[in-house]
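Asks: Pasting model_9.csv below, which is CSV, C-alpha atoms.
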chain,number,residue,atom,x,y,z
S,255,MET,CA,-13.3,-93.9,57.5
S,256,ALA,CA,-15.5,-95.0,54.7
S,257,GLU,CA,-12.8,-94.5,52.1
S,258,PRO,CA,-13.0,-97.5,49.8
S,259,ALA,CA,-9.5,-97.4,48.3
S,260,LEU,CA,-7.8,-97.0,51.7
S,261,GLU,CA,-10.0,-99.7,53.3
S,262,SER,CA,-9.3,-102.1,50.5
S,263,LEU,CA,-5.6,-101.6,50.9
S,264,ILE,CA,-5.8,-102.2,54.7
S,265,GLU,CA,-8.0,-105.3,54.1
S,266,SER,CA,-5.5,-106.7,51.6
S,267,LEU,CA,-2.5,-106.1,53.9
S,268,ARG,CA,-4.3,-107.9,56.7
S,269,ARG,CA,-4.1,-111.1,54.6
S,270,LEU,CA,-0.4,-111.2,55.1
S,271,PRO,CA,0.7,-113.7,57.8
S,272,GLY,CA,1.3,-112.1,61.2
S,273,VAL,CA,-0.4,-108.8,60.2
S,274,GLY,CA,-3.5,-107.7,62.2
S,275,GLN,CA,-5.8,-104.7,61.8
S,276,LYS,CA,-3.5,-102.2,63.6
S,277,SER,CA,-0.3,-103.3,61.7
S,278,ALA,CA,-2.2,-103.2,58.4
S,279,GLN,CA,-3.4,-99.7,59.1
S,280,ARG,CA,0.1,-98.6,60.1
S,281,MET,CA,1.5,-100.1,56.9
S,282,ALA,CA,-1.1,-98.5,54.7
S,283,PHE,CA,-0.6,-95.1,56.3
S,284,HIS,CA,3.2,-95.4,56.1
S,285,LEU,CA,3.1,-96.3,52.4
S,286,LEU,CA,0.6,-93.5,51.5
S,287,GLN,CA,2.4,-90.9,53.7
S,288,HIS,CA,6.1,-91.7,53.1
S,289,ASP,CA,6.6,-94.2,50.3
S,290,ARG,CA,4.1,-94.1,47.4
S,291,GLU,CA,6.9,-95.0,45.1
S,292,GLY,CA,7.6,-98.1,47.2
S,293,ALA,CA,3.9,-99.0,47.1
S,294,ARG,CA,3.9,-98.9,43.3
S,295,ARG,CA,7.0,-101.0,43.2
S,296,MET,CA,5.5,-103.5,45.6
S,297,ALA,CA,2.4,-103.8,43.4
S,298,GLN,CA,4.7,-104.5,40.4
S,299,SER,CA,6.7,-107.1,42.4
S,300,LEU,CA,3.5,-108.8,43.5
S,301,LEU,CA,2.3,-109.2,39.9
S,302,GLY,CA,5.7,-110.2,38.7
S,303,ALA,CA,6.1,-112.9,41.3
S,304,VAL,CA,2.6,-114.2,40.9
S,305,ASP,CA,3.0,-114.4,37.1
S,306,ASN,CA,6.6,-115.8,37.0
S,307,VAL,CA,7.3,-117.9,40.1
S,308,ARG,CA,6.4,-121.5,39.8
S,309,HIS,CA,7.5,-124.8,41.4
S,310,CYS,CA,10.6,-126.6,40.2
S,311,GLU,CA,9.6,-129.8,38.4
S,312,ARG,CA,12.2,-131.8,40.3
S,313,CYS,CA,12.4,-130.4,43.8
S,314,HIS,CA,9.2,-128.3,44.1
S,315,THR,CA,11.0,-125.2,45.4
S,316,PHE,CA,10.1,-121.8,44.0
S,317,THR,CA,11.8,-121.0,40.7
S,318,GLU,CA,11.2,-119.0,37.6
S,319,ALA,CA,12.5,-121.7,35.2
S,320,PRO,CA,11.0,-125.2,34.8
S,321,VAL,CA,13.9,-126.6,36.8
S,322,CYS,CA,15.7,-124.6,39.5
S,323,ARG,CA,19.4,-123.8,39.5
S,324,THR,CA,20.2,-126.1,42.4
S,325,CYS,CA,18.7,-129.1,40.5
S,326,LEU,CA,20.6,-128.1,37.4
S,327,ASP,CA,23.9,-127.7,39.2
S,328,ASP,CA,26.2,-130.5,37.9
S,329,THR,CA,28.6,-130.1,40.8
S,330,ARG,CA,26.0,-131.3,43.3
S,331,ASP,CA,26.1,-134.8,44.8
S,332,LYS,CA,23.1,-136.5,43.2
S,333,ARG,CA,23.2,-139.4,45.6
S,334,LEU,CA,22.0,-137.3,48.5
S,335,LEU,CA,18.4,-136.0,48.7
S,336,CYS,CA,17.5,-133.6,51.6
S,337,VAL,CA,13.8,-133.2,52.3
S,338,VAL,CA,12.9,-129.8,53.9
S,339,GLU,CA,9.6,-128.2,54.6
S,340,THR,CA,10.1,-124.7,53.0
S,341,PRO,CA,12.4,-122.8,50.7
S,342,ALA,CA,13.5,-120.9,53.8
S,343,ASP,CA,14.6,-124.1,55.4
S,344,GLN,CA,16.5,-125.0,52.2
S,345,ALA,CA,18.2,-121.6,52.3
S,346,ALA,CA,19.2,-122.2,55.9
S,347,MET,CA,20.8,-125.6,54.9
S,348,GLU,CA,22.6,-123.9,52.0
S,349,ARG,CA,24.0,-121.2,54.4
S,350,THR,CA,25.7,-123.9,56.5
S,351,GLY,CA,27.9,-124.6,53.4
S,352,SER,CA,28.2,-128.2,54.6
S,353,TYR,CA,25.7,-129.9,52.3
S,354,ARG,CA,26.4,-130.4,48.6
S,355,GLY,CA,23.5,-132.8,47.7
S,356,LEU,CA,20.1,-132.0,46.2
S,357,TYR,CA,16.8,-131.2,47.8
S,358,PHE,CA,13.1,-131.9,47.8
S,359,VAL,CA,10.9,-129.2,49.2
S,360,LEU,CA,7.6,-130.3,50.7
S,361,MET,CA,6.2,-126.7,50.7
S,362,GLY,CA,4.6,-127.5,54.1
S,363,HIS,CA,4.1,-130.4,56.5
S,364,LEU,CA,1.4,-132.9,57.1
S,365,SER,CA,-1.4,-131.4,59.2
S,366,PRO,CA,-4.5,-133.5,59.1
S,367,LEU,CA,-6.4,-131.0,61.3
S,368,ASP,CA,-5.8,-128.3,58.6
S,369,GLY,CA,-6.7,-130.7,55.8
S,370,ILE,CA,-3.1,-130.9,54.6
S,371,GLY,CA,-2.4,-134.4,53.5
S,372,ALA,CA,0.2,-136.5,51.5
S,373,ARG,CA,-0.9,-135.0,48.2
S,374,ASP,CA,-0.3,-131.4,49.4
S,375,ILE,CA,3.3,-132.1,50.4
S,376,GLY,CA,3.9,-134.0,47.1
S,377,LEU,CA,4.6,-137.4,48.7
S,378,GLN,CA,4.1,-139.3,45.4
S,379,GLN,CA,6.5,-137.0,43.6
S,380,LEU,CA,9.1,-137.4,46.4
S,381,LEU,CA,8.8,-141.2,46.2
S,382,ASP,CA,9.3,-141.1,42.4
S,383,ARG,CA,12.2,-138.7,42.8
S,384,ALA,CA,13.9,-140.8,45.5
S,385,ALA,CA,13.4,-144.0,43.6
S,386,ASP,CA,14.9,-142.7,40.3
S,387,GLY,CA,18.0,-144.8,40.7
S,388,THR,CA,20.5,-142.0,41.5
S,389,VAL,CA,19.5,-141.4,45.1
S,390,ASP,CA,21.4,-143.4,47.8
S,391,GLU,CA,20.2,-141.6,50.9
S,392,VAL,CA,17.2,-139.4,51.8
S,393,ILE,CA,18.0,-137.0,54.6
S,394,VAL,CA,14.8,-136.0,56.3
S,395,ALA,CA,15.3,-132.4,57.6
S,396,THR,CA,11.8,-131.4,58.5
S,397,ASN,CA,11.4,-129.1,61.5
S,398,PHE,CA,11.7,-130.5,65.1
S,399,THR,CA,8.1,-129.5,65.8
S,400,ALA,CA,5.1,-131.8,66.4
S,401,GLU,CA,4.0,-131.5,62.8
S,402,GLY,CA,7.5,-131.8,61.4
S,403,GLU,CA,8.2,-134.9,63.5
S,404,ALA,CA,5.0,-136.5,62.4
S,405,THR,CA,5.8,-135.7,58.8
S,406,ALA,CA,9.3,-137.1,59.2
S,407,HIS,CA,7.8,-140.3,60.6
S,408,VAL,CA,5.4,-140.8,57.7
S,409,LEU,CA,8.1,-140.0,55.1
S,410,ALA,CA,10.6,-142.4,56.8
S,411,GLU,CA,8.1,-145.3,56.9
S,412,THR,CA,7.0,-144.8,53.3
S,413,LEU,CA,10.6,-144.4,52.0
S,414,LYS,CA,11.9,-147.4,54.0
S,415,ALA,CA,9.1,-149.5,52.6
S,416,ARG,CA,10.6,-149.0,49.2
S,417,ASP,CA,14.1,-150.0,50.4
S,418,LEU,CA,15.5,-146.5,50.4
S,419,ARG,CA,18.1,-145.4,53.0
S,420,VAL,CA,16.6,-142.7,55.2
S,421,THR,CA,18.4,-140.6,57.8
S,422,ARG,CA,17.2,-137.7,60.0
S,423,LEU,CA,19.1,-134.6,61.2
S,424,ALA,CA,20.7,-135.3,64.6
S,425,ARG,CA,18.9,-133.9,67.6
S,426,GLY,CA,21.0,-132.6,70.4
S,427,VAL,CA,22.3,-129.6,72.4
S,428,PRO,CA,22.7,-126.5,70.2
S,429,ILE,CA,26.2,-125.1,69.8
S,430,GLY,CA,27.0,-122.3,72.3
S,431,SER,CA,24.3,-123.3,74.8
S,432,GLU,CA,24.7,-123.9,78.5
S,433,LEU,CA,23.1,-127.2,79.7
S,434,GLU,CA,21.4,-125.4,82.6
S,435,TYR,CA,19.2,-123.5,80.0
S,436,VAL,CA,18.6,-126.3,77.6
S,437,ASP,CA,15.1,-127.9,77.8
S,438,LEU,CA,14.9,-131.4,79.3
S,439,GLY,CA,13.6,-133.1,76.2
S,440,THR,CA,16.6,-131.9,74.2
S,441,ILE,CA,19.1,-133.1,76.9
S,442,ALA,CA,17.3,-136.5,77.1
S,443,HIS,CA,17.6,-136.9,73.3
S,444,ALA,CA,21.3,-135.8,73.3
S,445,LEU,CA,21.9,-138.4,76.0
S,446,VAL,CA,20.2,-141.2,74.0
S,447,ASP,CA,22.0,-140.2,70.8
S,448,ARG,CA,25.4,-139.7,72.5
S,449,ARG,CA,28.5,-140.7,70.5
Y,126,MET,CA,18.1,-118.3,45.6
Y,127,ALA,CA,18.9,-116.0,42.6
Y,128,GLU,CA,15.3,-115.8,41.5
Y,129,PRO,CA,14.8,-112.2,40.5
Y,130,ALA,CA,10.9,-112.0,40.7
Y,131,LEU,CA,10.9,-113.7,44.2
Y,132,GLU,CA,13.8,-111.6,45.5
Y,133,SER,CA,12.2,-108.4,44.3
Y,134,LEU,CA,8.9,-109.4,46.1
Y,135,ILE,CA,10.8,-110.1,49.3
Y,136,GLU,CA,12.8,-106.8,49.0
Y,137,SER,CA,9.6,-104.7,48.5
Y,138,LEU,CA,7.8,-106.4,51.4
Y,139,ARG,CA,10.8,-105.5,53.6
Y,140,ARG,CA,10.0,-101.8,53.1
Y,141,LEU,CA,6.8,-102.2,55.1
Y,142,PRO,CA,7.2,-100.9,58.7
Y,143,GLY,CA,8.0,-103.6,61.2
Y,144,VAL,CA,8.9,-106.2,58.6
Y,145,GLY,CA,12.4,-107.7,58.5
Y,146,GLN,CA,14.1,-110.2,56.1
Y,147,LYS,CA,12.5,-113.3,57.7
Y,148,SER,CA,9.0,-111.9,57.9
Y,149,ALA,CA,9.2,-110.6,54.3
Y,150,GLN,CA,10.3,-114.1,53.2
Y,151,ARG,CA,7.5,-115.7,55.1
Y,152,MET,CA,5.0,-113.3,53.6
Y,153,ALA,CA,6.3,-113.9,50.1
Y,154,PHE,CA,6.2,-117.7,50.4
Y,155,HIS,CA,2.7,-117.6,52.0
Y,156,LEU,CA,1.3,-115.5,49.1
Y,157,LEU,CA,2.9,-117.6,46.4
Y,158,GLN,CA,2.0,-120.9,48.1
Y,159,HIS,CA,-1.4,-120.2,49.4
Y,160,ASP,CA,-2.8,-116.9,48.2
Y,161,ARG,CA,-1.9,-115.9,44.7
Y,162,GLU,CA,-5.3,-114.4,44.2
Y,163,GLY,CA,-4.8,-112.3,47.4
Y,164,ALA,CA,-1.4,-111.2,46.0
Y,165,ARG,CA,-3.1,-110.0,42.8
Y,166,ARG,CA,-5.8,-108.1,44.8
Y,167,MET,CA,-3.1,-106.6,47.0
Y,168,ALA,CA,-1.3,-105.3,43.9
Y,169,GLN,CA,-4.5,-103.7,42.7
Y,170,SER,CA,-5.3,-102.2,46.1
Y,171,LEU,CA,-1.9,-100.7,46.3
Y,172,LEU,CA,-2.2,-99.0,42.9
Y,173,GLY,CA,-5.8,-98.0,43.7
Y,174,ALA,CA,-4.8,-96.4,47.0
Y,175,VAL,CA,-1.7,-94.7,45.6
Y,176,ASP,CA,-3.7,-93.2,42.7
Y,177,ASN,CA,-6.8,-92.2,44.6
Y,178,VAL,CA,-6.0,-91.4,48.2
Y,179,ARG,CA,-5.0,-87.8,48.9
Y,180,HIS,CA,-5.2,-85.4,51.8
Y,181,CYS,CA,-8.3,-83.6,52.8
Y,182,GLU,CA,-8.0,-79.9,52.0
Y,183,ARG,CA,-9.4,-78.9,55.3
Y,184,CYS,CA,-8.1,-81.4,57.9
Y,185,HIS,CA,-5.3,-83.2,56.1
Y,186,THR,CA,-6.5,-86.7,56.8
Y,187,PHE,CA,-6.5,-89.3,54.0
Y,188,THR,CA,-9.5,-89.1,51.7
Y,189,GLU,CA,-10.5,-89.9,48.1
Y,190,ALA,CA,-12.5,-86.6,47.7
Y,191,PRO,CA,-11.1,-83.1,47.9
Y,192,VAL,CA,-12.7,-82.7,51.3
Y,193,CYS,CA,-13.3,-85.7,53.7
Y,194,ARG,CA,-16.7,-86.8,54.9
Y,195,THR,CA,-16.1,-85.7,58.5
Y,196,CYS,CA,-15.3,-82.1,57.4
Y,197,LEU,CA,-18.4,-82.1,55.2
Y,198,ASP,CA,-20.7,-83.5,58.0
Y,199,ASP,CA,-23.1,-80.7,58.9
Y,200,THR,CA,-24.1,-82.2,62.2
Y,201,ARG,CA,-20.5,-81.7,63.5
Y,202,ASP,CA,-19.8,-79.0,66.1
Y,203,LYS,CA,-17.7,-76.5,64.0
Y,204,ARG,CA,-16.5,-74.7,67.2
Y,205,LEU,CA,-14.3,-77.6,68.3
Y,206,LEU,CA,-11.1,-78.5,66.5
Y,207,CYS,CA,-9.2,-81.6,67.7
Y,208,VAL,CA,-5.6,-81.9,66.6
Y,209,VAL,CA,-4.3,-85.5,66.3
Y,210,GLU,CA,-1.1,-87.0,64.9
Y,211,THR,CA,-2.5,-89.7,62.6
Y,212,PRO,CA,-5.7,-90.9,61.0
Y,213,ALA,CA,-5.5,-93.9,63.3
Y,214,ASP,CA,-5.6,-91.5,66.3
Y,215,GLN,CA,-8.6,-89.8,64.7
Y,216,ALA,CA,-10.3,-93.2,64.4
Y,217,ALA,CA,-9.6,-93.9,68.1
Y,218,MET,CA,-11.2,-90.6,69.0
Y,219,GLU,CA,-14.2,-91.4,66.8
Y,220,ARG,CA,-14.7,-94.8,68.4
Y,221,THR,CA,-15.1,-93.2,71.8
Y,222,GLY,CA,-18.4,-91.7,70.5
Y,223,SER,CA,-17.9,-88.7,72.9
Y,224,TYR,CA,-16.5,-86.1,70.4
Y,225,ARG,CA,-18.6,-84.4,67.8
Y,226,GLY,CA,-16.3,-81.6,66.7
Y,227,LEU,CA,-14.0,-81.5,63.7
Y,228,TYR,CA,-10.3,-82.6,63.3
Y,229,PHE,CA,-6.9,-81.5,62.1
Y,230,VAL,CA,-4.6,-84.4,61.4
Y,231,LEU,CA,-0.8,-83.5,61.6
Y,232,MET,CA,0.2,-86.7,59.8
Y,233,GLY,CA,3.1,-87.0,62.2
Y,234,HIS,CA,4.8,-85.1,64.9
Y,235,LEU,CA,7.6,-82.6,65.2
Y,236,SER,CA,10.9,-84.5,65.2
Y,237,PRO,CA,13.9,-82.2,64.5
Y,238,LEU,CA,16.4,-85.1,64.7
Y,239,ASP,CA,14.5,-86.7,61.8
Y,240,GLY,CA,14.2,-83.4,59.9
Y,241,ILE,CA,10.4,-83.2,60.5
Y,242,GLY,CA,9.6,-79.6,61.1
Y,243,ALA,CA,6.6,-77.2,61.3
Y,244,ARG,CA,6.0,-77.4,57.5
Y,245,ASP,CA,5.8,-81.2,57.5
Y,246,ILE,CA,3.0,-81.2,60.1
Y,247,GLY,CA,1.1,-78.4,58.3
Y,248,LEU,CA,1.4,-75.9,61.1
Y,249,GLN,CA,0.5,-72.9,58.9
Y,250,GLN,CA,-2.6,-74.7,57.5
Y,251,LEU,CA,-3.6,-75.5,61.1
Y,252,LEU,CA,-3.2,-71.8,62.1
Y,253,ASP,CA,-5.2,-70.7,59.1
Y,254,ARG,CA,-7.9,-73.3,59.9
Y,255,ALA,CA,-8.0,-72.5,63.6
Y,256,ALA,CA,-8.3,-68.8,62.9
Y,257,ASP,CA,-11.1,-69.0,60.3
Y,258,GLY,CA,-13.6,-67.5,62.7
Y,259,THR,CA,-15.7,-70.6,63.5
Y,260,VAL,CA,-13.3,-72.4,65.9
Y,261,ASP,CA,-13.7,-71.6,69.6
Y,262,GLU,CA,-11.4,-74.2,71.1
Y,263,VAL,CA,-8.5,-76.2,69.8
Y,264,ILE,CA,-8.1,-79.5,71.7
Y,265,VAL,CA,-4.5,-80.8,71.3
Y,266,ALA,CA,-4.7,-84.6,71.3
Y,267,THR,CA,-1.2,-85.5,70.2
Y,268,ASN,CA,0.3,-88.6,71.8
Y,269,PHE,CA,1.7,-88.6,75.4
Y,270,THR,CA,5.2,-89.4,74.1
Y,271,ALA,CA,8.2,-87.2,74.1
Y,272,GLU,CA,7.6,-86.1,70.5
Y,273,GLY,CA,3.9,-85.8,71.0
Y,274,GLU,CA,4.4,-83.6,74.1
Y,275,ALA,CA,7.0,-81.4,72.4
Y,276,THR,CA,4.6,-81.0,69.4
Y,277,ALA,CA,1.7,-80.2,71.7
Y,278,HIS,CA,3.9,-77.5,73.4
Y,279,VAL,CA,4.8,-75.8,70.1
Y,280,LEU,CA,1.2,-76.0,68.9
Y,281,ALA,CA,-0.2,-74.5,72.2
Y,282,GLU,CA,2.3,-71.7,72.2
Y,283,THR,CA,1.7,-70.8,68.6
Y,284,LEU,CA,-2.1,-71.0,68.8
Y,285,LYS,CA,-2.2,-69.1,72.1
Y,286,ALA,CA,-0.1,-66.3,70.6
Y,287,ARG,CA,-3.0,-65.8,68.1
Y,288,ASP,CA,-5.6,-65.6,71.0
Y,289,LEU,CA,-7.0,-69.0,70.4
Y,290,ARG,CA,-8.3,-71.1,73.3
Y,291,VAL,CA,-6.2,-74.3,73.5
Y,292,THR,CA,-6.8,-77.3,75.7
Y,293,ARG,CA,-5.0,-80.6,76.1
Y,294,LEU,CA,-6.4,-84.1,76.7
Y,295,ALA,CA,-6.3,-84.9,80.5
Y,296,ARG,CA,-3.4,-87.0,81.7
Y,297,GLY,CA,-4.2,-89.4,84.5
Y,298,VAL,CA,-4.7,-92.9,85.7
Y,299,PRO,CA,-6.2,-95.2,82.9
Y,300,ILE,CA,-9.6,-96.7,83.6
Y,301,GLY,CA,-9.4,-100.2,85.0
Y,302,SER,CA,-5.8,-99.9,86.3
Y,303,GLU,CA,-4.6,-100.6,89.8
Y,304,LEU,CA,-2.4,-97.8,91.3
Y,305,GLU,CA,0.3,-100.3,92.3
Y,306,TYR,CA,1.0,-101.0,88.6
Y,307,VAL,CA,0.7,-97.5,87.2
Y,308,ASP,CA,4.0,-95.7,86.5
Y,309,LEU,CA,5.0,-93.0,88.9
Y,310,GLY,CA,4.9,-90.1,86.3
Y,311,THR,CA,1.3,-90.9,85.5
Y,312,ILE,CA,0.4,-90.9,89.2
Y,313,ALA,CA,2.2,-87.7,89.8
Y,314,HIS,CA,0.3,-86.0,86.9
Y,315,ALA,CA,-3.0,-87.4,88.1
Y,316,LEU,CA,-2.2,-86.0,91.6
Y,317,VAL,CA,-1.4,-82.5,90.2
Y,318,ASP,CA,-4.5,-82.5,87.9
Y,319,ARG,CA,-6.8,-83.9,90.7
Y,320,ARG,CA,-10.4,-82.6,90.6
Please express what this file holds, its structure, as structure tokens.

Replies:
Amino acid sequence: MAEPALESLIESLRRLPGVGQKSAQRMAFHLLQHDREGARRMAQSLLGAVDNVRHCERCHTFTEAPVCRTCLDDTRDKRLLCVVETPADQAAMERTGSYRGLYFVLMGHLSPLDGIGARDIGLQQLLDRAADGTVDEVIVATNFTAEGEATAHVLAETLKARDLRVTRLARGVPIGSELEYVDLGTIAHALVDRR
Amino acid sequence: MAEPALESLIESLRRLPGVGQKSAQRMAFHLLQHDREGARRMAQSLLGAVDNVRHCERCHTFTEAPVCRTCLDDTRDKRLLCVVETPADQAAMERTGSYRGLYFVLMGHLSPLDGIGARDIGLQQLLDRAADGTVDEVIVATNFTAEGEATAHVLAETLKARDLRVTRLARGVPIGSELEYVDLGTIAHALVDRR
């Protein structure tokens, strides 16, 4: 096409996760053909977010203030600290309505092959936070994937070495599922953890 | 979350075609966590494209000049005019390397249910363009979907009524496919159009 403004737009949309050349082209054409106002607003939102969103000093989640609202909420149970991988996981926990403690958001998981180590997930800050004298129990709620499990293992070992009580979300058969269709590893875990 | 800058970013990313709430959230977190520079560049690309990309006065494709490079290319065969739905379709035609004529890009297809009529696809401009005295043959290369076929039908009828020669891309069995796995409608068309 050799149209620099259009090509630069397609190129920058391709940087979004899960967006390839064809999707980026479709997005660019859609914005230019049907939603130029939306494109302008998106540009402003991008700049607004990049300039204003930072990490909460206490829990590392995204926030626009030095400390996020959850950490500042006095009605929260300060004795419980739930460790999650992402703000999206935190939001999922919140939606359950059954957790009233505080959080620590790793903003990722350990992944040595990608060069993501203890420093990138803020391990030292988590240790400081968990050892501040108010926390009774650290609930490790990383994902039940290979990386999430490995991260959970490292966190648990490190936290236990400092005499902190560490728990992990229960593994088991999901609500509403039929045993016939549940994978064997999950059934085996549910059997071991039966109560 | 109640973080206005973050929520506004997620909301604006959701306007992209094919992007739902979860993808938008993932994109926003990715940009803020790993690619703030990319987010800034995306904002600039969006504004650059919205401000500079317009439609070619002759073929309606996206361009940054009044007339696009393809239309200005003197080595092109001006007797052939290929009508496609989108710039992406035009790019696909170009990649074949077997077409050296000019184009007219409808920027969509007729879709009465969505309120997209003859004016939106530039039918009058196409008629004026095709009847300018240089065009010998109009090749209708809209998609082989219900809307694309309906659009092709309307274009063909209108163009033929003005004594223009109209052809359509051949329908048939795709290269490399096994008959067993080709849908029946395609085989039936290939049989009728056998040569």

Asks: Measure the distance from CA of Ile429 (chain S) to CA of Val144 (chain Y) in Å and round it to one decimal.

Replies: 28.0 Å

Asks: If I take CA of Pro341 (chain S) and CA of Glu132 (chain Y), how far is one from the other in Å, to one decimal?

Replies: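 Separating CA of Pro341 (chain S) from CA of Glu132 (chain Y) is a distance of 12.4 Å.
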
Asks: Show which residues sit within 9 Å of Glu318 (chain S), as a PDB file with C-alpha atoms, keeping the file's coordinate frame. Count all atoms listed in the file, and ignore same-chain residues fewer than 3 positions away.

Replies:
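This went into out.pdb:
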ATOM      1  CA  ALA S 303       6.100-112.900  41.300  1.00  0.00           C
ATOM      2  CA  ASN S 306       6.600-115.800  37.000  1.00  0.00           C
ATOM      3  CA  VAL S 307       7.300-117.900  40.100  1.00  0.00           C
ATOM      4  CA  ARG S 308       6.400-121.500  39.800  1.00  0.00           C
ATOM      5  CA  HIS S 309       7.500-124.800  41.400  1.00  0.00           C
ATOM      6  CA  CYS S 310      10.600-126.600  40.200  1.00  0.00           C
ATOM      7  CA  VAL S 321      13.900-126.600  36.800  1.00  0.00           C
ATOM      8  CA  CYS S 322      15.700-124.600  39.500  1.00  0.00           C
TER       9      CYS S 322
ATOM     10  CA  GLU Y 128      15.300-115.800  41.500  1.00  0.00           C
ATOM     11  CA  PRO Y 129      14.800-112.200  40.500  1.00  0.00           C
ATOM     12  CA  ALA Y 130      10.900-112.000  40.700  1.00  0.00           C
ATOM     13  CA  LEU Y 131      10.900-113.700  44.200  1.00  0.00           C
TER      14      LEU Y 131
END

Asks: At a cut-off of 8 Å, list the chain Y residues touching chain S, using only C-alpha atoms, as JSON, numbers by chain.

Replies: {"Y": [126, 128, 130, 131, 133, 134, 137, 138, 140, 141, 142, 150, 151, 152, 155, 156, 157, 158, 161, 163, 164, 165, 166, 167, 168, 169, 170, 171, 172, 173, 174, 175, 177, 178, 188, 189, 213, 216, 232]}

Asks: List as a list in words the protein and nucleic acid residues near Thr421 (chain S), meaning an atom at most 9 Å away when all atoms listed in the file are counted, but skip any in the same chain fewer than 6 places from it.

Replies: Glu391, Val392, Ile393, Val394, Ala395 and Ala410 of chain S

Asks: Find the residue from Y:Leu284, Y:Ala256, Y:Leu251, Y:Cys184 that sits nearest to Leu227 (chain Y); use all atoms listed in the file when measuring.

Replies: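 Among the listed residues, the smallest separation from Leu227 (chain Y) belongs to Y:Cys184.
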
Asks: Tell me which protein, DNA and RNA residues are within 8 Å of Leu235 (chain Y), counting all atoms listed in the file, leaving out same-chain ones fewer than 4 positions away, and put them as a PyMOL selection string.

Replies: chain Y and resi 241-243+246+272-273+275-276

Asks: Leaving out Leu231 (chain Y) and any residue of its chain fewer than 3 positions from it, which residues lie within 8 Å of it when counting only C-alpha atoms, given as a VMD selection string?

Replies: chain Y and resid 185 208 to 211 234 246 to 248

Asks: Under the rule that only C-alpha atoms are counted, which of S:Glu411, S:Asp447, S:Asp390, S:Asp368 is the nearest residue to Val427 (chain S)?

Replies: S:Asp447

Asks: With all atoms listed in the file as the basis for distance, which of S:Leu433, S:Leu381, S:Tyr357, S:Thr412 is at the shortest distance from Asp327 (chain S)?

Replies: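 Using all atoms listed in the file, Asp327 (chain S) sits closest to S:Tyr357.
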